[in-house]
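Colleague: One structure is given below, represented as structure tokens, and several questions about it will come after.
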Amino acid sequence: MSSDNQGLVPYFHFVIQTEISAMRTEIEEVNDASLKKAVRLLAGGGVVAFATETVYGLGGHALNEQAVLEIFRAKQRPADNPLIVHISRVEQAFALCRWNDVAQSLAEAFWPGPLTLLLPKKDTVPDIVTAGLGTVAIRLPSHPAARALLEACGFPIAAPSANRSGRPSPTTARHVYEDLNGLIPLILDGGSCEVGLESTVLDISGETPVILRPGAVTAEQVAMVTGSCDVAPSVMRPLKPGESAPSPGMRHRHYAPKGRLTLFSGEPEAVAKEIVRRYDAAGSARILAMHAHLPLYGDRLISDLGEDAASAAHRLFYLLRAFDEQGIEEIYGETLPPSGLGLAVMNRLARAAAFNIVEV
Ligand code: TXA
Ligand code: MG
């Protein structure tokens, strides 16, 4: 190779990178003007981040392959991890999947809301959306800004969580900006997400519905509608070597804070005693605890998960991001009872701790 060529290649890379980082990322309040701008971007094959009641999503026109490719590129998502298609009216699902009676009764009970249904896909949905799988994930969100955007677009929007792959899902517009500044043109600021954890992913292709990812719609609630509901075993334990993941998302490295997170389960007093012992020995650490237990930790540095599972869900990703920002190296966390919304919180916590859970 001539020295001219060797000189050209790095220059070429430099030019490309300059162009990518030159994109300006605007954060705009949700109003008529910003919605119009978002619709224009999305209809033209661009991507826009927007709030839902669970977490922020990075949306693109679900039936436009180039737009979907742009989503994968912006968040550096592995191509084998399929996306959720968002709709604003149940009838929109009919063109995307083979709708059935179970889906209809679940939609009537939980939509709009934090429930994603897996259904056999139709050819209208590009393979890139479903990573080549025969099922498509569909959700009708309840956040007014998400609904206004979907309604104004008229077409379905594919949207994974709007984080850079490997980071916690964003629950504020600022989180999205931290991860995707310079990579996307627009973030519609819909405030802080009420639920704070991603939607329940429910596989209804078999005889009994199975929760692949727990969320704010619980197995108990689903069973009230369908008669029964299972939870995939991999929800609360790591995949075994060679075990196939029921949902591709579980195969990928999940977010873990830069510091080491250790969880403790048992009676609150015994847990607190063990956490205090380790905290005092560590020199510098942070405690992640439920509000009612704060007195057990005296004046040590505590991040408060709040009163109940709902507030823990709302705060968890926010706190995990803050640990990294503050450079905290050692974190000792309480566990929650894995029932109701507590299962979703524990699913995310256990993964953030790489299943490092100490029985006290
Ligand atoms: O709350 C939410 O669900 C948010 C908001 C934006 O709607 N979205 C979200 O998307 O969390 P994402 O892409 O971060 O997570 C989607 C999960 C992944 O674990 C993916 O593997 C799984 O759903 N999934 C999607 N399509 C699937 C399919 N056909 N079969 C099995 N799992 C699927
Ligand atoms: Mg995600």
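Ordering of the structure tokens sets the chain letters (A, B, ...), residue numbers begin anew at 1 in every chain, and ligands are numbered from 1 in the order given.
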As a quick test: using only C-alpha atoms and all ligand atoms, which residues lie no more than 8 Å away from ligand 1? Give them as a PyMOL selection string.

Modeller: chain A and resi 51-58+81-84+86+114-116+118-119+129-131+133-137+139+141+159-162+169+197-201+203+212-213+246-250

Colleague: Identify all residues of range 309-348 of chain A in helix (DSSP H, G or I) (DSSP on the backbone) and supply them as a ChimeraX atom specification.

Modeller: /A:309-325,341-348

Colleague: Quick one: residues within 9 Å of range 218-231 of chain A, only C-alpha atoms counted, chain neighbours fewer than 5 positions away excluded, as a PyMOL selection string?

Modeller: chain A and resi 102+105-106+109-110+200+208-213+339-341+343-344

Colleague: Could you tell me which of A:Leu35, A:Ile204, A:Tyr255, A:Asn163 comes closest to Ala103 in chain A if we count only C-alpha atoms?

Modeller: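 Checking each candidate against Ala103 in chain A, we get A:Ile204 as the closest.
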
Colleague: Fewer than 5 positions away in the same chain doesn't count, so skip those; otherwise give me all residues within 7 Å of Ala173 in chain A, counting only C-alpha atoms, as an NGL selection string.

Modeller: :A and (187 or 189 or 191)

Colleague: Please dump the current selection as a PDB file, in the first residue's frame; keep N, CA and C atoms.

Modeller:
```pdb
ATOM      1  N   ILE A 187     -35.230  15.114  21.283  1.00  0.00           N
ATOM      2  CA  ILE A 187     -35.788  14.435  22.457  1.00  0.00           C
ATOM      3  C   ILE A 187     -37.024  15.220  22.875  1.00  0.00           C
ATOM      4  N   ASP A 189     -39.377  16.118  25.633  1.00  0.00           N
ATOM      5  CA  ASP A 189     -39.294  16.018  27.092  1.00  0.00           C
ATOM      6  C   ASP A 189     -40.686  15.865  27.699  1.00  0.00           C
ATOM      7  N   GLY A 191     -41.162  14.750  30.820  1.00  0.00           N
ATOM      8  CA  GLY A 191     -41.006  14.663  32.271  1.00  0.00           C
ATOM      9  C   GLY A 191     -40.420  13.329  32.701  1.00  0.00           C
TER      10      GLY A 191
END
```

Colleague: Rounded to one decimal, what separation in Å do you get between CA of Arg89 in chain A and CA of Asp32 in chain A?

Modeller: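 Between CA of Arg89 in chain A and CA of Asp32 in chain A the gap works out to 20.5 Å.
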